[in-house]
>>> print(open('structure.txt').read())   # compact mmCIF, C-alpha atoms
# COMPACT_ATOMS: atom_id res chain seq x y z
CA MET K 1 0.00 0.00 0.00
CA GLU K 2 2.98 2.36 0.43
CA LYS K 3 3.90 2.13 -3.26
CA GLN K 4 0.53 1.56 -4.86
CA ILE K 5 -2.71 3.53 -4.60
CA ALA K 6 -5.76 1.38 -3.92
CA THR K 7 -8.43 1.85 -6.58
CA LEU K 8 -12.13 1.07 -6.49
CA PRO K 9 -13.32 -2.06 -8.33
CA LEU K 10 -15.06 -1.33 -11.61
CA GLY K 11 -18.83 -1.23 -11.52
CA ILE K 12 -19.17 -0.25 -7.86
CA GLU K 13 -20.52 3.27 -7.78
CA GLN K 14 -22.83 3.22 -4.79
CA ALA K 15 -21.15 3.48 -1.42
CA GLY K 16 -23.60 0.99 0.03
CA ARG K 17 -22.49 -1.66 -2.48
CA ARG K 18 -18.78 -1.34 -1.80
CA PRO K 19 -16.88 -3.74 0.44
CA LYS K 20 -17.05 -2.52 4.03
CA TYR K 21 -13.40 -1.44 4.10
CA LEU K 22 -14.12 1.00 1.26
CA ARG K 23 -17.23 2.53 2.80
CA TYR K 24 -16.89 6.11 3.94
CA HIS K 25 -13.57 5.89 5.80
CA ILE K 26 -10.82 6.48 3.18
CA TRP K 27 -9.87 9.39 0.96
CA ASP K 28 -10.46 8.99 -2.75
CA PRO K 29 -7.19 8.69 -4.78
CA ASP K 30 -7.91 11.92 -6.69
CA GLY K 31 -8.42 13.85 -3.47
CA SER K 32 -12.18 14.34 -3.82
CA VAL K 33 -14.53 13.61 -0.94
CA ALA K 34 -17.99 12.09 -1.15
CA GLU K 35 -20.87 14.52 -0.84
CA THR K 36 -22.39 15.09 2.57
CA THR K 37 -25.82 13.80 3.45
CA VAL K 38 -27.13 17.37 3.36
CA GLU K 39 -25.80 17.83 -0.18
CA TRP K 40 -27.29 14.46 -1.16
CA THR K 41 -30.81 15.63 -0.18
CA GLU K 42 -30.76 18.10 -3.08
CA ARG K 43 -30.89 15.22 -5.57
CA ALA K 44 -32.40 12.42 -3.44
CA LYS K 45 -35.34 10.47 -4.79
CA PRO K 46 -38.57 10.63 -2.76
CA LEU K 47 -39.26 7.89 -0.25
CA PRO K 48 -41.98 5.45 -1.31
CA ARG K 49 -45.61 5.25 -0.27
CA PRO K 50 -47.42 1.89 -0.30
CA SER K 51 -48.97 1.30 -3.70
CA THR K 52 -52.68 0.81 -4.24
CA VAL K 53 -51.99 -2.88 -4.79
CA GLN K 54 -50.32 -3.19 -1.37
CA LEU K 55 -53.21 -1.39 0.32
CA MET K 56 -55.74 -3.79 -1.22
CA HIS K 57 -54.51 -6.77 0.83
CA PRO K 58 -57.86 -8.02 2.18
CA VAL K 59 -56.63 -9.73 5.36
CA ILE K 60 -54.52 -6.80 6.54
CA ARG K 61 -57.20 -4.24 5.61
CA GLU K 62 -59.83 -6.09 7.63
CA THR K 63 -57.58 -6.43 10.69
CA ILE K 64 -56.79 -2.71 10.71
CA ILE K 65 -60.44 -1.76 10.20
CA GLN K 66 -61.51 -4.04 13.06
CA ASN K 67 -58.74 -2.84 15.44
CA PRO K 68 -58.08 0.84 14.70
CA SER K 69 -56.83 1.65 18.23
CA LEU K 70 -53.89 -0.73 17.85
CA PHE K 71 -52.35 1.25 14.99
CA GLU K 72 -50.96 4.71 15.72
CA ILE K 73 -48.45 7.05 14.09
CA VAL K 74 -46.09 7.87 16.96
CA THR K 75 -43.17 10.31 16.73
CA PRO K 76 -41.79 13.04 19.02
CA ILE K 77 -41.06 15.25 16.00
CA LYS K 78 -43.24 18.35 15.74
CA LEU K 79 -44.21 17.91 12.13
CA ASN K 80 -45.65 21.38 11.49
CA VAL K 81 -42.46 23.00 12.78
CA PHE K 82 -40.35 20.52 10.80
CA GLU K 83 -42.19 21.30 7.56
CA ASN K 84 -42.02 25.02 8.11
CA LEU K 85 -38.26 24.95 8.63
CA LEU K 86 -37.84 23.08 5.33
CA HIS K 87 -40.07 25.24 3.14
CA GLY K 88 -37.02 26.65 1.30
CA HIS K 89 -35.32 23.32 0.60
CA PRO K 90 -34.55 22.96 -3.15
CA ASN K 91 -35.81 19.37 -3.33
CA GLN K 92 -39.39 19.73 -2.14
CA VAL K 93 -40.47 16.38 -3.59
CA PHE K 94 -38.03 14.60 -1.29
CA VAL K 95 -38.95 16.80 1.67
CA LYS K 96 -42.64 16.07 1.12
CA SER K 97 -41.99 12.31 1.04
CA VAL K 98 -40.17 12.47 4.39
CA CYS K 99 -42.96 14.55 5.91
CA GLU K 100 -45.58 12.12 4.59
CA GLY K 101 -43.65 9.33 6.29
CA LEU K 102 -43.78 11.20 9.59
CA ARG K 103 -47.49 11.96 9.14
CA TYR K 104 -48.77 8.62 7.80
CA GLY K 105 -45.95 6.18 8.59
CA PHE K 106 -42.93 5.23 6.46
CA TRP K 107 -43.12 2.38 3.97
CA PRO K 108 -40.08 0.04 3.89
CA TRP K 109 -39.97 -0.65 0.11
CA ALA K 110 -41.81 -3.90 0.86
CA ASP K 111 -44.05 -6.31 -1.04
CA ILE K 112 -46.60 -7.94 1.27
CA TRP K 113 -48.05 -9.95 -1.63
CA LYS K 114 -44.98 -12.14 -2.22
CA PRO K 115 -46.06 -15.50 -3.70
CA GLY K 116 -46.06 -18.42 -1.28
CA TYR K 117 -45.81 -16.30 1.86
CA PRO K 118 -48.31 -17.18 4.62
CA ASP K 119 -50.77 -14.57 5.85
CA GLU K 120 -49.58 -15.10 9.44
CA LEU K 121 -46.23 -16.30 10.74
CA ASP K 122 -45.10 -16.76 14.35
CA LEU K 123 -41.35 -17.25 14.73
CA SER K 124 -41.14 -15.94 18.28
CA ARG K 125 -38.90 -17.86 20.64
CA PRO K 126 -39.29 -18.27 24.42
CA GLN K 127 -36.70 -16.54 26.59
CA THR K 128 -35.11 -18.82 29.17
CA ASN K 129 -32.46 -16.56 30.69
CA GLN K 130 -33.95 -14.72 33.68
CA LYS K 131 -31.85 -11.60 33.11
CA SER K 132 -33.05 -11.43 29.50
CA VAL K 133 -36.67 -11.98 30.56
CA GLU K 134 -36.50 -9.13 33.07
CA PHE K 135 -34.84 -6.83 30.54
CA LEU K 136 -37.41 -7.56 27.82
CA GLU K 137 -40.30 -7.00 30.22
CA MET K 138 -38.78 -3.69 31.31
CA GLN K 139 -38.23 -2.71 27.67
CA ARG K 140 -41.80 -3.70 26.81
CA ASN K 141 -43.17 -1.48 29.59
CA HIS K 142 -41.01 1.41 28.39
CA GLU K 143 -42.20 1.02 24.78
CA ILE K 144 -45.85 0.85 25.84
CA GLN K 145 -45.39 3.98 27.93
CA LYS K 146 -43.95 5.74 24.85
CA ARG K 147 -46.89 4.33 22.77
CA ARG K 148 -44.43 2.73 20.36
CA TYR K 149 -45.79 -0.70 21.33
CA SER K 150 -49.51 -1.33 21.25
CA PRO K 151 -51.24 -2.85 24.25
CA SER K 152 -51.23 -6.64 24.24
CA VAL K 153 -53.39 -8.23 21.55
CA GLY K 154 -53.38 -11.50 23.51
CA SER K 155 -51.30 -14.62 23.04
CA ALA K 156 -52.45 -15.38 19.47
CA LEU K 157 -51.51 -13.44 16.33
CA LEU K 158 -54.06 -11.26 14.62
CA PRO K 159 -54.96 -12.11 11.00
CA GLY K 160 -52.16 -10.91 8.72
CA MET K 161 -49.62 -10.54 11.55
CA TYR K 162 -46.00 -11.70 11.57
CA CYS K 163 -43.99 -12.15 14.75
CA MET K 164 -40.21 -12.28 14.29
CA PRO K 165 -37.71 -13.45 16.95
CA ILE K 166 -36.30 -10.91 19.40
CA TYR K 167 -33.13 -11.14 21.49
CA ALA K 168 -31.58 -9.39 24.47
CA VAL K 169 -27.99 -8.77 23.29
CA PRO K 170 -25.13 -7.26 25.32
CA LYS K 171 -24.02 -3.82 24.18
CA PRO K 172 -20.38 -3.61 23.00
CA HIS K 173 -17.93 -3.31 25.91
CA SER K 174 -20.79 -3.34 28.41
CA GLU K 175 -22.92 -5.66 30.51
CA LYS K 176 -26.02 -3.68 29.58
CA LEU K 177 -28.49 -5.28 27.16
CA ARG K 178 -30.26 -4.01 24.07
CA LEU K 179 -33.23 -5.42 22.21
CA VAL K 180 -32.60 -6.75 18.71
CA ASN K 181 -35.35 -7.71 16.27
CA ASP K 182 -34.38 -10.52 13.88
CA HIS K 183 -36.19 -9.58 10.67
CA SER K 184 -34.08 -12.02 8.63
CA ALA K 185 -35.32 -15.20 10.29
CA SER K 186 -36.62 -17.86 7.87
CA LYS K 187 -37.19 -17.75 4.12
CA PHE K 188 -40.41 -15.83 4.82
CA SER K 189 -38.66 -13.10 6.79
CA LEU K 190 -39.72 -9.47 6.76
CA ASN K 191 -36.37 -8.48 5.26
CA SER K 192 -37.01 -10.80 2.33
CA MET K 193 -40.10 -8.70 1.52
CA VAL K 194 -37.97 -5.54 1.26
CA ASP K 195 -36.56 -4.51 -2.13
CA HIS K 196 -32.87 -4.40 -1.19
CA SER K 197 -31.90 -2.62 -4.40
CA GLN K 198 -33.80 0.41 -3.10
CA VAL K 199 -32.25 0.63 0.38
CA THR K 200 -28.54 0.67 -0.51
CA GLY K 201 -26.40 3.69 -1.26
CA TYR K 202 -27.91 6.07 1.29
CA PRO K 203 -24.90 8.21 2.29
CA MET K 204 -23.63 8.85 5.80
CA ASP K 205 -21.30 11.64 6.84
CA ASN K 206 -17.98 9.99 7.52
CA LEU K 207 -14.39 10.16 8.73
CA ALA K 208 -13.05 11.05 5.28
CA GLN K 209 -15.20 14.18 5.21
CA PHE K 210 -14.21 15.01 8.78
CA GLY K 211 -10.53 14.67 7.89
CA GLU K 212 -10.96 16.83 4.80
CA ARG K 213 -12.52 19.56 6.89
CA LEU K 214 -9.67 19.45 9.39
CA VAL K 215 -7.19 19.85 6.55
CA LYS K 216 -9.20 22.74 5.11
CA LEU K 217 -9.32 24.39 8.52
CA ARG K 218 -5.52 24.32 8.71
CA GLN K 219 -5.27 25.68 5.16
CA ASP K 220 -7.73 28.50 5.86
CA HIS K 221 -6.11 29.37 9.20
CA PRO K 222 -2.35 28.69 8.87
CA ASP K 223 -1.61 30.83 11.94
CA LEU K 224 -3.79 28.78 14.25
CA GLN K 225 -1.47 27.81 17.11
CA ASN K 226 -3.70 26.79 19.99
CA PRO K 227 -5.41 23.42 19.39
CA ASP K 228 -7.44 23.95 22.57
CA SER K 229 -9.40 26.63 20.73
CA LEU K 230 -10.96 23.95 18.50
CA VAL K 231 -14.11 22.25 19.72
CA VAL K 232 -15.45 19.10 18.06
CA TRP K 233 -18.93 17.97 19.04
CA LYS K 234 -21.25 15.19 18.00
CA SER K 235 -25.02 15.43 18.14
CA ASP K 236 -27.03 12.38 19.08
CA ILE K 237 -30.69 11.36 18.94
CA SER K 238 -32.06 9.42 21.85
CA GLU K 239 -33.54 6.07 20.78
CA ALA K 240 -32.81 7.17 17.24
CA TYR K 241 -34.67 4.70 15.03
CA ARG K 242 -37.70 4.89 17.25
CA VAL K 243 -38.56 8.44 16.15
CA CYS K 244 -39.63 7.05 12.74
CA PRO K 245 -43.21 5.69 12.62
CA LEU K 246 -44.28 2.96 10.23
CA HIS K 247 -47.35 2.69 8.02
CA PRO K 248 -50.11 0.63 9.72
CA PHE K 249 -49.92 -2.04 7.00
CA TRP K 250 -46.31 -2.71 8.02
CA GLN K 251 -46.93 -2.23 11.73
CA LEU K 252 -49.07 -5.37 11.61
CA LYS K 253 -46.05 -7.30 10.33
CA GLN K 254 -43.99 -6.20 13.34
CA GLY K 255 -45.56 -8.34 16.03
CA VAL K 256 -43.41 -8.74 19.15
CA ARG K 257 -43.97 -11.51 21.71
CA ILE K 258 -42.75 -10.93 25.25
CA GLY K 259 -43.86 -13.65 27.64
CA ASP K 260 -47.34 -14.71 26.62
CA ASP K 261 -48.31 -11.33 25.20
CA VAL K 262 -48.05 -10.13 21.61
CA HIS K 263 -47.68 -6.43 20.86
CA ILE K 264 -47.54 -4.40 17.64
CA ASP K 265 -44.35 -2.40 17.14
CA ARG K 266 -45.29 0.90 15.50
CA CYS K 267 -41.81 2.25 14.65
CA ILE K 268 -38.73 1.21 12.67
CA VAL K 269 -36.37 -1.17 14.44
CA PHE K 270 -32.75 -2.22 14.59
CA GLY K 271 -32.83 -5.40 12.51
CA SER K 272 -34.84 -4.22 9.52
CA SER K 273 -32.86 -3.72 6.31
CA ALA K 274 -35.04 -0.69 5.50
CA SER K 275 -34.46 1.16 8.78
CA PRO K 276 -31.06 2.74 7.95
CA ALA K 277 -32.36 4.24 4.70
CA ILE K 278 -35.44 5.71 6.39
CA PHE K 279 -33.44 7.11 9.28
CA ILE K 280 -30.71 8.58 7.06
CA ALA K 281 -33.35 10.27 4.89
CA LEU K 282 -35.00 11.83 7.93
CA THR K 283 -31.78 13.04 9.59
CA ALA K 284 -30.28 14.24 6.31
CA VAL K 285 -33.21 16.46 5.41
CA GLY K 286 -33.49 17.52 9.05
CA GLY K 287 -29.83 18.54 8.98
CA THR K 288 -30.49 21.11 6.27
>>> encode(input="structure.txt", output="structure tokens")
Amino acid sequence: MEKQIATLPLGIEQAGRRPKYLRYHIWDPDGSVAETTVEWTERAKPLPRPSTVQLMHPVIRETIIQNPSLFEIVTPIKLNVFENLLHGHPNQVFVKSVCEGLRYGFWPWADIWKPGYPDELDLSRPQTNQKSVEFLEMQRNHEIQKRRYSPSVGSALLPGMYCMPIYAVPKPHSEKLRLVNDHSASKFSLNSMVDHSQVTGYPMDNLAQFGERLVKLRQDHPDLQNPDSLVVWKSDISEAYRVCPLHPFWQLKQGVRIGDDVHIDRCIVFGSSASPAIFIALTAVGGT
């Protein structure tokens, strides 16, 4: 690597399709840096809405009609304020699609009519570790309090519902646990309903861009002597994915079993292949 510059393989244009070691964290050989997420929003395609065909699914339609209180659009974002702040954005079609997702629930590029898929599927697994059981029950209570989980629908699935496995997984370098939803379980998984060609390539601000800005700072201010005068800060969003609500037709697919009770998860989750794209779109347009 000292004598030869690494080049990108031919035919790999989207950052999301590159090998992981080439994603976001190296400088390009010609010195250019990938556009920021804010710059990307100026040309971004609008997020999808469920098609008329998807909304005609008779089993799901009937379940939602019969149980309207179970399906809510829940987000802490003040949508009217959000829209007003973005009225001057140059890509209003994209902005409108993000706002529609916040108002009516995001759609995860999914096909709920896939041939051979059952109307209902329960892949939930009993928890045997007492620490995990206590954590999941505590997490369930927290989610219900935030209205991101519905009240219990009982021990049996509703018509049209899927229930994927969940796990209590240790956080990196910590004994604390986090809840993970396995949306890739089985050949009938929720992730297999998502069009993966549509959820790759969503850009993230990265270390290469950060390094480029540090270099530019030194170039613009060659007399800067005191490094203590520089402040670097990182903003964070509490329970980040959970600020993004899902469309009711997909909420029904996100059944969660904790103990004997099944709940409907109303927001995007860690474990869905569509969640990063939805979250990046929201934070990118919000960052403008």
>>> closest_residue(input="structure.txt", among="K:Gln127, K:Ser272, K:Gln139, K:Asn191", to="K:Asp260", atoms="only C-alpha atoms")
K:Gln127
>>> closest_residue(input="structure.txt", among="K:Thr128, K:Ser273, K:Gln225, K:Ser97", to="K:Val194", atoms="only C-alpha atoms")
K:Ser273
>>> closest_residue(input="structure.txt", among="K:Arg242, K:Arg140, K:Arg125, K:Lys45", to="K:Phe94", atoms="only C-alpha atoms")
K:Lys45
>>> atom_distance(input="structure.txt", atom1="atom CA of K:Pro48", atom2="atom CA of K:Trp250")
13.1 Å
>>> closest_residue(input="structure.txt", among="K:Ile258, K:Leu224, K:Ile65, K:Cys267", to="K:Met138", atoms="all atoms listed in the file")
K:Ile258
>>> residues_near_point(input="structure.txt", point="(-33.4, -9.9, 19.6)", cutoff="10 Å", atoms="all atoms listed in the file", output="ChimeraX atom specification")
/K:124-125,136,164-169,178-183,270-271
>>> closest_residue(input="structure.txt", among="K:Phe279, K:Phe249, K:Trp40, K:Phe106", to="K:Met161", atoms="all atoms listed in the file")
K:Phe249
>>> closest_residue(input="structure.txt", among="K:Pro222, K:Pro203, K:Pro118, K:Pro170", to="K:Ala277", atoms="all atoms listed in the file")
K:Pro203
>>> atom_distance(input="structure.txt", atom1="atom CA of K:Leu190", atom2="atom CA of K:Ile112")
8.9 Å
>>> atom_distance(input="structure.txt", atom1="atom CA of K:Arg213", atom2="atom CA of K:Ser235")
17.3 Å
>>> residues_near_point(input="structure.txt", point="(-16.0, 18.9, 15.8)", cutoff="10 Å", atoms="only C-alpha atoms", output="JSON, numbers by chain")
{"K": [210, 213, 214, 230, 231, 232, 233, 234, 235]}
>>> decode(input="structure.txt", residues="stretch 150-197 of chain K", atoms="C-alpha atoms", output="CSV table (one decimal), in the first residue's frame")
chain,number,residue,atom,x,y,z
K,150,SER,CA,-49.5,-1.3,21.2
K,151,PRO,CA,-51.2,-2.9,24.3
K,152,SER,CA,-51.2,-6.6,24.2
K,153,VAL,CA,-53.4,-8.2,21.6
K,154,GLY,CA,-53.4,-11.5,23.5
K,155,SER,CA,-51.3,-14.6,23.0
K,156,ALA,CA,-52.5,-15.4,19.5
K,157,LEU,CA,-51.5,-13.4,16.3
K,158,LEU,CA,-54.1,-11.3,14.6
K,159,PRO,CA,-55.0,-12.1,11.0
K,160,GLY,CA,-52.2,-10.9,8.7
K,161,MET,CA,-49.6,-10.5,11.6
K,162,TYR,CA,-46.0,-11.7,11.6
K,163,CYS,CA,-44.0,-12.2,14.8
K,164,MET,CA,-40.2,-12.3,14.3
K,165,PRO,CA,-37.7,-13.4,17.0
K,166,ILE,CA,-36.3,-10.9,19.4
K,167,TYR,CA,-33.1,-11.1,21.5
K,168,ALA,CA,-31.6,-9.4,24.5
K,169,VAL,CA,-28.0,-8.8,23.3
K,170,PRO,CA,-25.1,-7.3,25.3
K,171,LYS,CA,-24.0,-3.8,24.2
K,172,PRO,CA,-20.4,-3.6,23.0
K,173,HIS,CA,-17.9,-3.3,25.9
K,174,SER,CA,-20.8,-3.3,28.4
K,175,GLU,CA,-22.9,-5.7,30.5
K,176,LYS,CA,-26.0,-3.7,29.6
K,177,LEU,CA,-28.5,-5.3,27.2
K,178,ARG,CA,-30.3,-4.0,24.1
K,179,LEU,CA,-33.2,-5.4,22.2
K,180,VAL,CA,-32.6,-6.8,18.7
K,181,ASN,CA,-35.3,-7.7,16.3
K,182,ASP,CA,-34.4,-10.5,13.9
K,183,HIS,CA,-36.2,-9.6,10.7
K,184,SER,CA,-34.1,-12.0,8.6
K,185,ALA,CA,-35.3,-15.2,10.3
K,186,SER,CA,-36.6,-17.9,7.9
K,187,LYS,CA,-37.2,-17.7,4.1
K,188,PHE,CA,-40.4,-15.8,4.8
K,189,SER,CA,-38.7,-13.1,6.8
K,190,LEU,CA,-39.7,-9.5,6.8
K,191,ASN,CA,-36.4,-8.5,5.3
K,192,SER,CA,-37.0,-10.8,2.3
K,193,MET,CA,-40.1,-8.7,1.5
K,194,VAL,CA,-38.0,-5.5,1.3
K,195,ASP,CA,-36.6,-4.5,-2.1
K,196,HIS,CA,-32.9,-4.4,-1.2
K,197,SER,CA,-31.9,-2.6,-4.4
